[in-house]
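J.: Input: one structure, supplied below.
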Number of protein chains: 2
Amino acid sequence: MMPVDEHLRILLEACATVPRRTSPVPVAEAHGCVLAQDVRSAVDVPAFANSAMDGYAVRAAELAGAGDRPVVLPVAGDIPAGRTDRVTLEPGTTLRIMTGAALPDGADAVVPVELTDGGTQRVTLRQEPLAGAHVRPAGDDLSRDELALTAGTFVDARVLALLVSLGHPRVEVVLPPRVAVLSTGDELVEPGGAAGHGTVVDSNGPMLVAVLREHGFTAERVRAVADDEQGFRARLDEVLLTHDAVITTGGVSAGAYDTVKAVLARDGEVEFRGIAMQPGKPQGFGLVRAGDGRRVPVFTLPGNPVSAMVSYQVFVAPALRLLAARPAEGLAGVEAVADDGWRTSAGRTQLARVRLRREDDGLHATLAGGQGSHVLGALAHADALAVVPAEVDEVLPGARLTCLLLRPLPGKESLA
Amino acid sequence: MMPVDEHLRILLEACATVPRRTSPVPVAEAHGCVLAQDVRSAVDVPAFANSAMDGYAVRAAELAGAGDRPVVLPVAGDIPAGRTDRVTLEPGTTLRIMTGAALPDGADAVVPVELTDGGTQRVTLRQEPLAGAHVRPAGDDLSRDELALTAGTFVDARVLALLVSLGHPRVEVVLPPRVAVLSTGDELVEPGGAAGHGTVVDSNGPMLVAVLREHGFTAERVRAVADDEQGFRARLDEVLLTHDAVITTGGVSAGAYDTVKAVLARDGEVEFRGIAMQPGKPQGFGLVRAGDGRRVPVFTLPGNPVSAMVSYQVFVAPALRLLAARPAEGLAGVEAVADDGWRTSAGRTQLARVRLRREDDGLHATLAGGQGSHVLGALAHADALAVVPAEVDEVLPGARLTCLLLRPLPGKESLA
């Protein structure tokens, strides 16, 4: 059996050779993509000197001593935010100015409205401002042509805000991979149906599409296909043309009807291996040539849903992040004390489904339920996967385990 | 000024009085929703006794001593997964059976193919199985009518897998709130454009829609509206009809052209307050009556993008989670040592934009850049918001700060 990290390494090395899918997109649509180019600002940010406060634009020198003896000036007009004509502040006057509005020519400071009587014809100013007070100079944050964002940056909401402010209509990005999920097996009933004698609802399809979307990939479920070699091959060839990665579930173990393995092992397109992990032992991966010549990563996961989900987290998600040019992330790990004891398969890394509980002395882990690779209840209710190293064959109560979080630990909404 | 937690409490109490939006949906579409009902299994899971391995279905008693003296049996046929007719195992024979296939009547154990010669006409079996070996009984995970999921459960990918297996076509859920984002201001240019004299690109709209989507809410950006009271009111009334919450940005401070405040303070529909936080001091919140009589939460955030994002995280996200019936979550907090020192506004909780760095002695925080509430660069590059309590007016280098994570800390993909 191959160690988990060895299989992961092989698969990441192969995915590193696959060209990323890049495209120019309108800036506002770059969310969830990775920048494929450095982005310099097309404009000064801010584009013009503007007021940081609601108040009055003044010539600072005219307010000498105003802190002790308030100065009264005529209000020559208003500059609301959004006024785009050039305004001049005449000596001996003031202009009422709003936050973000352009500073008039001649003005060099703003007195906040709170330090005045708020007058609209004449105003009493009670502060002697320093030159530059409450003024944001043009280009204060970024000068035109300054490097603002580097290639490889993941565009989350906050990066998007900066990006749209740089004044470009479009930007070159690495698009998230389009992933097809193809469940296989004669026994599968479509979601919305009920299992009868010999059948089971396809839970892998909806589950994998959902987790792919949670992870920011573009995912599409292909209707489950029967264990028919020609039918499977035809469906696979179809989805290879329109997707950047394919995940299949089922048909990869030692059975006589293991269609996925039969079809993809034949020409060596996919390498099938036993991996030293539990669940998730039978794994296959390869770059399969699509009709248009592209080599598309195909991950063939076991059919048991717990195995499929664990395999997705351990192998597929890292590979897809690489295809997306996103930073390595992994599942966040926390340390917890095992309250239960249990035996594990020697020589295989176990990923046990556990619930976590906060105690005064830290986190405690208990088994979430049956650890069979078909048991959906324990998977659904687990907070984390507890990693039991391959060389350990029994977890004793009190052991400290690294637990990979499958959902955020419960938090509190307040800052206090 | 009102303390942060006081404003949050008022806003959560008001949102708790707003009816949740519930609806029956096809089970496969429940992802991202919260269950509005307990869900019992409509079927036994699994629906039938089945094989946990690829192998041979046997009567265990017929293999007495097979561990020492292998037993040879004729193979009477195959049971692939997905075979739905009832099959009987005749005494003195075996049936080849695949993982997940229905155990034939009369059989009580499965011998894995690895412990046989894999024959298809006659097979040599080298194990004496215990009765029940490698058999998953019907209803082993869940009996028909057993409670499988409780109302209030958030449907993530793994809960979805369990849900679709329970055999129901539809389920009653709380739908995620539909949120409208309405940027206001004469100065706003649409994203894709560039700022000129007196104007600025609307970054709040795309930013808030993006973070709402990251948080699993349904979000729509309404084209920025000018500082025109009638125009704003008309647009607001329109979106109130089709949304469950509205976020506005801009127009809430002390300026003469603060449209949002002017319109919504008039009839007391929205309460405007100064909150003891920095950034994000001017806040407004209220339940505004829509044309159809519903009371819709309206959050009026300041127009500076840093203030808008911080206000979203501190006030709006918790309120929307409540409307979605999702568990409290907050931003995950970590402790870090401040490498910089800086002064803060006394009496206001500061949320400083910081970058985090791992050192041998733990996490270290440095200011991400200019802390002005308009500086998008520092916001984009920050890893976390460092919380400086209201009673602290100077952070000294070496101080320990709680930092709320805005993005995951960099991880590693391997389990090792």
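Residue names in the structure tokens use chain letters A, B, ... in the order shown, residue numbers from 1 in each chain, and ligand numbers from 1 in the order shown.
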With only C-alpha atoms as the counted atoms, please give the residues lying no more than 6 Å from stretch 399-414 of chain B, apart from itself and same-chain residues fewer than 4 positions off, as a PyMOL selection string.

T.: (chain A and resi 318+328-330) or (chain B and resi 331-338+383-387)

J.: For A:His381, please output as a compact mmCIF listing (two decimals) with all heavy atoms, in the first residue's frame all residues within 8 Å (counting only C-alpha atoms; exclusion window: fewer than 2 positions along the same chain).

T.:
```txt
# COMPACT_ATOMS: atom_id res chain seq x y z
N ARG A 355 -16.63 13.98 16.94
CA ARG A 355 -17.26 15.22 17.40
C ARG A 355 -16.30 15.88 18.39
O ARG A 355 -15.58 15.18 19.11
CB ARG A 355 -18.59 14.94 18.09
CG ARG A 355 -19.55 14.18 17.17
CD ARG A 355 -20.95 14.24 17.68
NE ARG A 355 -21.51 15.57 17.42
CZ ARG A 355 -22.81 15.78 17.22
NH1 ARG A 355 -23.66 14.79 17.27
NH2 ARG A 355 -23.24 17.00 16.97
N ALA A 368 -17.88 9.98 16.29
CA ALA A 368 -19.18 10.53 15.90
C ALA A 368 -20.21 9.45 15.65
O ALA A 368 -21.38 9.74 15.42
CB ALA A 368 -19.02 11.39 14.65
N GLY A 377 -24.47 8.83 8.80
CA GLY A 377 -24.82 9.56 10.01
C GLY A 377 -23.58 10.11 10.71
O GLY A 377 -23.50 11.28 11.06
N ALA A 378 -22.58 9.23 10.88
CA ALA A 378 -21.36 9.66 11.57
C ALA A 378 -20.64 10.73 10.76
O ALA A 378 -20.05 11.66 11.31
CB ALA A 378 -20.43 8.46 11.79
N LEU A 379 -20.70 10.60 9.45
CA LEU A 379 -20.06 11.62 8.60
C LEU A 379 -20.77 12.96 8.75
O LEU A 379 -20.15 14.01 8.94
CB LEU A 379 -20.08 11.16 7.14
CG LEU A 379 -19.42 12.11 6.15
CD1 LEU A 379 -17.91 12.20 6.39
CD2 LEU A 379 -19.69 11.70 4.70
N ASP A 383 -17.56 16.71 13.50
CA ASP A 383 -17.00 18.06 13.43
C ASP A 383 -15.63 18.04 12.76
O ASP A 383 -15.16 19.06 12.25
CB ASP A 383 -16.83 18.64 14.84
CG ASP A 383 -18.16 18.79 15.56
OD1 ASP A 383 -19.10 19.31 14.94
OD2 ASP A 383 -18.26 18.36 16.72
N VAL B 159 -24.21 16.79 5.50
CA VAL B 159 -25.60 16.62 5.93
C VAL B 159 -26.47 16.34 4.71
O VAL B 159 -27.40 15.51 4.76
CB VAL B 159 -26.09 17.87 6.70
CG1 VAL B 159 -27.58 17.81 6.94
CG2 VAL B 159 -25.34 18.00 8.02
```

J.: So which residues touch stretch 62-69 of chain A within 12 Å, counting only C-alpha atoms, skipping near sequence neighbours fewer than 3 positions away, as a PyMOL selection string?

T.: chain A and resi 56-59+72-73+90-94+106-111+115-116+124-131

J.: Which distance in Å separates atom CA of B:Met53 and atom CA of A:Leu367, to one decimal?

T.: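 Answer for the atom CA of B:Met53 to atom CA of A:Leu367 separation: 23.5 Å.
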
J.: Point out the residue among B:Leu236, B:Val288, B:Leu376, B:Ala138 with the least atom-to-atom distance to chain A, counting only C-alpha atoms.

T.: B:Leu376

J.: Write out as number ranges by chain the residues lying within 9 Å of A:Ala390, counting only C-alpha atoms and excluding same-chain residues fewer than 3 positions away.

T.: A: 3, 276-277, 344-350, 393

J.: Identify, on the basis of only C-alpha atoms, every residue whose closest approach to B:Val200 does not exceed 8 Å; exclude the query and any residue fewer than 3 positions from it along the same chain; express the result as a list in words.

T.: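 Once the nearby chain positions are removed, what remains is Pro46, Ala47 and Ser165 of chain A; Glu187, Leu188, Val189, Ala194, Ala195 and Gly196 of chain B.
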
J.: So that I have them on file, write out the residues from the current selection with all heavy atoms, as a compact mmCIF listing (two decimals), in the first residue's frame.

T.:
```
# COMPACT_ATOMS: atom_id res chain seq x y z
N PRO A 46 -6.66 58.25 -3.78
CA PRO A 46 -7.82 58.81 -4.48
C PRO A 46 -7.39 59.63 -5.70
O PRO A 46 -6.25 60.07 -5.78
CB PRO A 46 -8.49 59.69 -3.42
CG PRO A 46 -7.42 60.01 -2.44
CD PRO A 46 -6.48 58.84 -2.44
N ALA A 47 -8.34 59.84 -6.62
CA ALA A 47 -8.02 60.50 -7.89
C ALA A 47 -7.81 62.00 -7.73
O ALA A 47 -7.30 62.66 -8.64
CB ALA A 47 -9.15 60.23 -8.90
N SER A 165 -11.22 49.49 -7.74
CA SER A 165 -10.84 50.89 -7.55
C SER A 165 -9.65 51.31 -8.40
O SER A 165 -9.31 52.49 -8.43
CB SER A 165 -10.48 51.13 -6.07
OG SER A 165 -11.60 50.81 -5.27
N GLU B 187 -21.12 60.68 -6.08
CA GLU B 187 -19.74 60.55 -6.54
C GLU B 187 -19.42 59.19 -7.15
O GLU B 187 -18.32 58.98 -7.64
CB GLU B 187 -18.78 60.84 -5.37
CG GLU B 187 -18.71 59.77 -4.29
CD GLU B 187 -19.82 59.86 -3.23
OE1 GLU B 187 -20.91 60.39 -3.54
OE2 GLU B 187 -19.60 59.36 -2.12
N LEU B 188 -20.38 58.26 -7.10
CA LEU B 188 -20.05 56.88 -7.46
C LEU B 188 -20.03 56.62 -8.97
O LEU B 188 -20.96 57.00 -9.69
CB LEU B 188 -21.00 55.91 -6.78
CG LEU B 188 -20.92 55.93 -5.25
CD1 LEU B 188 -21.90 54.93 -4.66
CD2 LEU B 188 -19.51 55.65 -4.76
N VAL B 189 -18.99 55.95 -9.40
CA VAL B 189 -18.83 55.49 -10.78
C VAL B 189 -19.03 53.97 -10.75
O VAL B 189 -18.62 53.32 -9.80
CB VAL B 189 -17.40 55.82 -11.27
CG1 VAL B 189 -17.11 55.19 -12.62
CG2 VAL B 189 -17.19 57.33 -11.29
N ALA B 194 -13.33 54.28 -14.27
CA ALA B 194 -12.20 54.84 -13.53
C ALA B 194 -12.62 56.14 -12.89
O ALA B 194 -13.42 56.90 -13.46
CB ALA B 194 -11.01 55.07 -14.46
N ALA B 195 -12.10 56.40 -11.69
CA ALA B 195 -12.43 57.63 -10.98
C ALA B 195 -11.80 58.83 -11.68
O ALA B 195 -10.68 58.74 -12.18
CB ALA B 195 -11.92 57.54 -9.54
N GLY B 196 -12.52 59.94 -11.74
CA GLY B 196 -11.98 61.20 -12.25
C GLY B 196 -12.08 62.23 -11.14
O GLY B 196 -12.25 61.88 -9.97
```

J.: Would you list the contacts of A:His215 as a PyMOL selection string, taking every protein, DNA or RNA residue within 10 Å and counting only C-alpha atoms, but skipping same-chain residues closer than 2 positions in sequence?

T.: (chain A and resi 32+209-213+217-218+317+320-321) or (chain B and resi 214)

J.: If we count only C-alpha atoms, what is near A:Gly274 at a cut-off of 10 Å, once residues fewer than 5 positions away on the same chain are taken out, given as a list in words?

T.: Met1, Met2, Pro3, Val4, His7, Ser253, Gly280, Lys281, Pro282, Gln283 and Gly284 of chain A

J.: Can you work out the spacing between atom CA of B:Leu356 and atom CA of B:Trp342 in Å, to one decimal?

T.: 16.3 Å

J.: Between A:Ala224, A:Leu264, A:Ala101, A:Leu182, which has the minimum distance to chain B (counting only C-alpha atoms)?

T.: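 Residue with the minimum atom-to-atom distance to chain B: A:Ala101.
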